[in-house]
Each structure stands twice: as structure tokens, then as C-alpha cells.
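The block underneath contains the structure these notes are about, expressed in C-alpha cells.
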Amino acid sequence: MTRIKVGIIGVGNCASGLIQGVEYYRQSRNMQTGLIHERIGKYSVNDVEFVSAFDIGETKLGKPLAEAIYSAPNEVQWVERVPGCERIVMEGPILDGVGVFAEKMIKPIEQTKSVEELHREIVQEIHGTGTSVLLNYLPVGSQKATVFWANVALETGCAFVNCIPVFVASDKEWSRRFEEKKLPIIGDDIKSQVGSTIVHRVLMKLCRDRGAAIDRTYQINVGGNTDFINMLERERLESKKISKTEAVQSQLKDRLEEGNIYIGPSDFIPFLGNRKLAFIRIEGRMFANIPFNMEMRLDVDDKSTSGGTAIDAVRFAQLGLDRGIGGCLTYPSAYLMKHPPVQMSDEEARSKLDEWMNA
Ligand SMILES: NC(=O)c1ccc[n+]([C@@H]2O[C@H](COP(=O)([O-])OP(=O)(O)OC[C@H]3O[C@@H](n4cnc5c(N)ncnc54)[C@H](O)[C@@H]3O)[C@@H](O)[C@H]2O)c1
């Protein structure tokens, strides 16, 4: 059985959760709870391995991946250790990866190598390890760094899974470049398994399907990890806000005016760690124009909910590679990502995805 060889870009909490989650399923052979798909094509969770990894933090560089995933400021601690992830975490170019608030937690190294030199070493590492899928888990606002890595994927013949809100898969020109090389790309910005986006989308669609008018809505998110401290820097957030807002607007027949919809990461509360709280409110009117409102509060482990989707994204990317399909994978992106090139309802995306998977 062929294995899926994943390369990680950004060995933060999400990567740690994904890797520890895969080890959890390896240890609990018959356990399927928590998986969207038990198998994708011929691939089970146990067929995913992590063969290369890249970061810039002084606590992680030069360590085996199995050690780096537990290094500060990472906080995921689900399994004691992950045997087999022994590849050393290599240096990537910092570019715009580190924000002013996250810097003191991430502790980036002083880079002495040029981008060209790092690029050469990275290409060698990807070829040497047989990496086939590159998974982008850089911090929000890493526009230049994501462009660097998307180009590396094109150059090294890897599929690219873009979990962050930099618009690559949803950009026509990037998708065309991947299509030309017959390489699949899935993105952008991972839609967590049971996260605030999917819950908000489904509630909005429910109101719409039941004939209610929606007047106003908000979604406020708080958490206590590096992702949330990074998002305090509002300049890094532009595409995140677009991605999250469009994910919800796309479920409405009539778009809400800008002043009637607020969706975004809103604060950093250190003691929450990887726990994320989302507060969602919808105000509308139903039969006879009578008003109603609803409020819900979601309390999730932000890294479990990210890993639950990423484990499918890497397997769909490999399936695309196996089938020789290039460009943005429409259905995996629509179901698994917040900002795909084509938005659908989650129900439609799931049914089209499964049809495509089984074709
Ligand atoms: N539920 C979720 O957690 C969720 C959902 C959607 C999107 N995302 C996105 O996934 C990304 C990763 O989230 P996270 O919680 O793991 O963040 P994190 O801060 O824990 O991890 C980011 C990692 O990237 C490294 N890094 C920074 N600049 C780099 C560079 N130039 N090259 C290589 N490595 C670099 C950091 O050292 C750190 O290890 C974020 O952009 C986040 O918004 C997460």
C-alpha cells in the first residue's frame, strides 16, 4: 500500500494536533470516531506519514519533528510520543511569517542564509524525502511566505494544501499554474470540522431554507494560542476577515450589507490556550414579519477541529495526484475550506465530494 508523504510548513499547534491525532488512530486501530471519512480512495488515516517539516522558531529548528511538535509555544498534548517522525525540522525563509505580537512567543531565529540558499536546501529535502503533499500551516498574514511555498510545490511536483487565508487555490492564475503542472491544490483557509464557520453557515442556511429573513449577524471568536495573539495585529487579518465573512455570506440568497454582518477573530485570552470560544448571534424575522433571534456559544479544541479536516485534505490531495488531476480540486476545496473558488452549501459539497471520490 502506498503511503502519503506529507511535508509540514509551520510546525505549530495545528501541525502538532494533526500529527498527534494520526498517532492516536495508529494506536487505536479500530477507532473511527472523529473522522469525516474513514477511507479516501485507498487511504486510511494510517497511510499518512510526515516525512519533512519546515519552521523558523528557535525552539523547533534542528530537532526531530517528533520532538519539535511538543516544543513551546505549542500546547497540544494528546499522546505521549509519536514514533517514526524523526526527520529534522529544517529552516524556511521567514519573509512575512512572523507578526509583531506573535514574535515573542514564536522566537524566530536570526537568519543568516539567503532565501536562494534556503530554497536550494528545501528543494533537496523535498526530493530526498519523497514528499508528495505540502501542507501550509503558516501564521495568518504570511502572504509572501505562502507564495514562496506554493512555488516550491510547483517546482518539486508536490500537491499543495493551503490551510491559511492567503488566496492561492481560489486564485485563477495560481490554479492555472497548478493545472499546467498536473498538480492538485486544495484551499484556501481550512474550514474546521465542527468550528464556528460551519456552524454559522449551517444555521444561516437553516433560517433561509425555512423562509426566514436574516437582518443581522455576528460571530466573535476568542482563544489563547499563538494563532490568536497573531490575529491581534489587524493588518494581518484582511484576508482572514474576507474568508470568514464570505463563507457565511455565500449561504444567503440576499447578501447582508456590510454594517449588518461582523465576523472575525476578536481577542486573545491567554488562559484559554487551544480552547476556542465562538459566540454567534443571528437576528431575523419569520411568519408575519415577527422578529426572532438566536445565540449560540461553541466551545472547541481549536486544533482537534482543524486536524479533523486536514486529515481529509491531505488524502484528497494525494487522490488528486494519483488521478493526475491538476489545478484547484473543486469539491474538496468547497467542503473542506472556507474560501474555495466555488462556494456551495455544505450538503451539496459533501454529496458532490463523495461522488467524485467514488468515481
Ligand atoms: N482551527 C484552526 O486552528 C484553524 C482554522 C483555520 C485556519 N487555521 C490557520 O492555520 C495556521 C496555523 O495555525 P496554528 O495554530 O498552528 O499556528 P501556530 O502559530 O501555532 O503555528 C505557526 C507555525 O509557523 C511557524 N512559522 C512562522 N513563520 C514561518 C515561516 N516563514 N516559515 C516556516 N514556519 C514559520 C511558527 O514558528 C509556528 O511554528 C494559522 O494561519 C491559522 O489561522 C487554523
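Each chain in the C-alpha cells gets a letter, A, B and so on, in the order shown; residues start at 1 in every chain, and ligands are counted from 1 in the order they appear.
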- Message: Show me which residues line ligand 1, defined as having an atom within 7 Å of a ligand atom where only C-alpha atoms and all ligand atoms count, and present them as JSON, numbers by chain.
- Response: {"A": [9, 10, 11, 12, 13, 14, 15, 54, 55, 56, 57, 74, 91, 92, 93, 94, 95, 96, 97, 98, 106, 108, 137, 138, 139, 140, 145, 163, 164, 165, 189, 190, 191, 192, 195, 225, 226, 227, 302, 303, 305, 306]}
- Message: Quick check for you: according to DSSP on this backbone, which residues of segment 93-342 of chain A are classed as helix (DSSP H, G or I)? Reply as a ChimeraX atom specification.
- Response: /A:103-106,115-129,143-156,172-180,196-209,226-230,234-249,258-260,270-272,287-289,302-322,330-336
Keeping C-alpha atoms, export the residues of the selection given above as a short mmCIF file (atom, residue, chain, number, x, y, z; two decimals), in the first residue's frame.
data_model
loop_
_atom_site.label_atom_id
_atom_site.label_comp_id
_atom_site.auth_asym_id
_atom_site.auth_seq_id
_atom_site.Cartn_x
_atom_site.Cartn_y
_atom_site.Cartn_z
CA GLU A 103 7.23 37.14 17.73
CA LYS A 104 7.88 36.89 21.46
CA MET A 105 6.15 33.51 21.60
CA ILE A 106 7.49 32.02 18.34
CA VAL A 115 16.36 32.93 0.54
CA GLU A 116 18.08 31.35 -2.50
CA GLU A 117 20.28 29.19 -0.29
CA LEU A 118 17.30 28.07 1.81
CA HIS A 119 15.34 27.42 -1.37
CA ARG A 120 18.08 25.08 -2.65
CA GLU A 121 18.17 23.13 0.64
CA ILE A 122 14.37 22.90 0.78
CA VAL A 123 14.07 21.54 -2.77
CA GLN A 124 16.77 18.97 -1.95
CA GLU A 125 14.94 17.94 1.25
CA ILE A 126 11.61 17.54 -0.55
CA HIS A 127 13.14 15.42 -3.28
CA GLY A 128 15.28 13.44 -0.84
CA THR A 129 12.35 12.55 1.43
CA GLN A 143 1.36 36.27 2.10
CA LYS A 144 4.93 36.27 0.77
CA ALA A 145 5.88 33.08 2.60
CA THR A 146 2.85 31.27 1.16
CA VAL A 147 3.75 32.43 -2.35
CA PHE A 148 7.28 31.08 -1.76
CA TRP A 149 5.92 27.66 -0.70
CA ALA A 150 3.30 27.43 -3.46
CA ASN A 151 6.15 27.98 -5.94
CA VAL A 152 8.18 25.28 -4.18
CA ALA A 153 5.24 22.87 -4.60
CA LEU A 154 5.09 23.66 -8.33
CA GLU A 155 8.81 23.20 -8.71
CA THR A 156 9.09 19.96 -6.75
CA LYS A 172 -7.46 31.70 -11.12
CA GLU A 173 -3.85 32.33 -12.08
CA TRP A 174 -2.42 30.09 -9.34
CA SER A 175 -4.93 27.38 -10.12
CA ARG A 176 -3.93 27.56 -13.80
CA ARG A 177 -0.26 27.17 -12.89
CA PHE A 178 -1.03 24.05 -10.85
CA GLU A 179 -3.22 22.72 -13.66
CA GLU A 180 -0.40 23.19 -16.15
CA SER A 196 -17.51 28.43 14.07
CA THR A 197 -17.65 28.78 10.28
CA ILE A 198 -19.51 25.58 9.51
CA VAL A 199 -21.91 26.02 12.45
CA HIS A 200 -22.64 29.61 11.42
CA ARG A 201 -23.12 28.64 7.75
CA VAL A 202 -25.50 25.83 8.59
CA LEU A 203 -27.59 27.99 10.94
CA MET A 204 -27.84 30.76 8.34
CA LYS A 205 -28.87 28.27 5.68
CA LEU A 206 -31.41 26.75 8.03
CA CYS A 207 -33.06 30.16 8.52
CA ARG A 208 -33.02 30.78 4.78
CA ASP A 209 -34.43 27.33 3.91
CA THR A 226 -0.18 31.95 19.05
CA ASP A 227 -2.76 31.98 16.26
CA PHE A 228 -4.96 34.29 18.35
CA ILE A 229 -2.16 36.54 19.56
CA ASN A 230 -1.02 36.89 15.95
CA ARG A 234 -5.32 43.76 12.49
CA GLU A 235 -3.18 44.48 9.41
CA ARG A 236 -2.50 40.74 9.10
CA LEU A 237 -6.20 39.98 9.18
CA GLU A 238 -7.62 41.40 6.00
CA SER A 239 -7.88 38.14 4.06
CA LYS A 240 -8.97 36.21 7.19
CA LYS A 241 -11.98 38.51 7.56
CA ILE A 242 -12.84 38.19 3.88
CA SER A 243 -12.50 34.41 4.05
CA LYS A 244 -14.67 34.02 7.17
CA THR A 245 -17.29 36.56 6.08
CA GLU A 246 -17.64 35.16 2.54
CA ALA A 247 -18.01 31.66 3.94
CA VAL A 248 -21.20 32.83 5.69
CA GLN A 249 -22.48 35.38 3.13
CA GLU A 258 -21.53 45.31 5.41
CA GLY A 259 -22.86 47.06 8.51
CA ASN A 260 -25.13 44.12 9.33
CA PRO A 270 -4.07 33.61 27.33
CA PHE A 271 -5.53 31.08 29.76
CA LEU A 272 -7.77 29.61 27.04
CA PHE A 287 -44.01 34.38 9.64
CA ALA A 288 -45.99 37.65 9.65
CA ASN A 289 -42.72 39.58 9.89
CA ASP A 302 -9.19 24.53 18.00
CA LYS A 303 -6.55 22.01 16.98
CA SER A 304 -8.74 18.94 17.06
CA THR A 305 -11.27 20.70 14.87
CA SER A 306 -8.53 21.76 12.42
CA GLY A 307 -6.92 18.30 12.32
CA GLY A 308 -10.29 16.65 11.66
CA THR A 309 -10.46 18.45 8.33
CA ALA A 310 -6.76 18.50 7.44
CA ILE A 311 -6.55 14.70 7.64
CA ASP A 312 -9.06 14.56 4.78
CA ALA A 313 -7.47 17.39 2.81
CA VAL A 314 -4.08 15.64 2.59
CA ARG A 315 -5.72 12.39 1.49
CA PHE A 316 -7.81 14.17 -1.18
CA ALA A 317 -4.69 15.95 -2.39
CA GLN A 318 -2.94 12.60 -2.80
CA LEU A 319 -6.01 11.17 -4.56
CA GLY A 320 -5.82 14.10 -6.99
CA LEU A 321 -2.14 13.37 -7.57
CA ASP A 322 -2.85 9.67 -8.16
CA THR A 330 -13.33 21.97 -6.64
CA TYR A 331 -15.23 19.64 -4.31
CA PRO A 332 -12.55 19.01 -1.66
CA SER A 333 -11.99 22.78 -1.54
CA ALA A 334 -15.73 23.54 -1.30
CA TYR A 335 -16.25 21.07 1.54
CA LEU A 336 -13.02 21.44 3.48
#
- Task: Would you kindly return, as a ChimeraX atom specification, each protein, DNA or RNA residue with an atom no farther than 12 Å from any atom of Ala359 of chain A, considering only C-alpha atoms and excluding same-chain residues fewer than 3 positions away?
- Result: /A:40-41,319,323,352-356
If you keep N, CA and C atoms, can you produce a file of those selected residues as an mmCIF file, in the first residue's frame?
data_model
loop_
_atom_site.group_PDB
_atom_site.id
_atom_site.type_symbol
_atom_site.label_atom_id
_atom_site.label_comp_id
_atom_site.auth_asym_id
_atom_site.auth_seq_id
_atom_site.Cartn_x
_atom_site.Cartn_y
_atom_site.Cartn_z
ATOM 1 N N ILE A 40 -10.353 7.428 2.106
ATOM 2 C CA ILE A 40 -10.481 8.302 0.930
ATOM 3 C C ILE A 40 -9.709 7.603 -0.171
ATOM 4 N N GLY A 41 -10.436 7.079 -1.155
ATOM 5 C CA GLY A 41 -9.788 6.183 -2.111
ATOM 6 C C GLY A 41 -9.274 4.989 -1.320
ATOM 7 N N LEU A 319 -5.107 11.798 -3.585
ATOM 8 C CA LEU A 319 -6.013 11.172 -4.561
ATOM 9 C C LEU A 319 -5.957 11.938 -5.887
ATOM 10 N N ARG A 323 -4.673 10.545 -9.507
ATOM 11 C CA ARG A 323 -5.527 10.578 -10.697
ATOM 12 C C ARG A 323 -4.992 11.522 -11.772
ATOM 13 N N LYS A 352 -21.330 16.012 -3.611
ATOM 14 C CA LYS A 352 -20.502 16.046 -4.823
ATOM 15 C C LYS A 352 -19.111 15.481 -4.539
ATOM 16 N N LEU A 353 -18.615 15.783 -3.347
ATOM 17 C CA LEU A 353 -17.285 15.294 -2.964
ATOM 18 C C LEU A 353 -17.258 13.760 -2.933
ATOM 19 N N ASP A 354 -18.275 13.179 -2.300
ATOM 20 C CA ASP A 354 -18.300 11.722 -2.178
ATOM 21 C C ASP A 354 -18.494 11.052 -3.527
ATOM 22 N N GLU A 355 -19.297 11.695 -4.368
ATOM 23 C CA GLU A 355 -19.495 11.175 -5.730
ATOM 24 C C GLU A 355 -18.159 11.190 -6.484
ATOM 25 N N TRP A 356 -17.448 12.303 -6.368
ATOM 26 C CA TRP A 356 -16.152 12.466 -7.047
ATOM 27 C C TRP A 356 -15.139 11.446 -6.502
#
- Message: Env of Gly157 of chain A: 8 Å cut, atoms = only C-alpha atoms, seq-sep filter 5 positions within chain, self excluded. Answer as a ChimeraX atom specification.
- Response: /A:132,181,183
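Compared by their closest atoms to Glu233 of chain A, and using only C-alpha atoms, the residues A:Ala349, A:Met296, A:Ala102, A:Val133 rank with A:Ala102 nearest.
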- Do a neighbour search on Gly284 of chain A at 10 Å with only C-alpha atoms, toss out local chain neighbours closer than 3 positions, and write the hits as a PyMOL selection string. chain A and resi 207+212-217+289-294
- When DSSP works through the backbone of this structure, what residues of segment 248-283 of chain A end up as strand (DSSP E), shown as a ChimeraX atom specification? /A:261-268,275-283
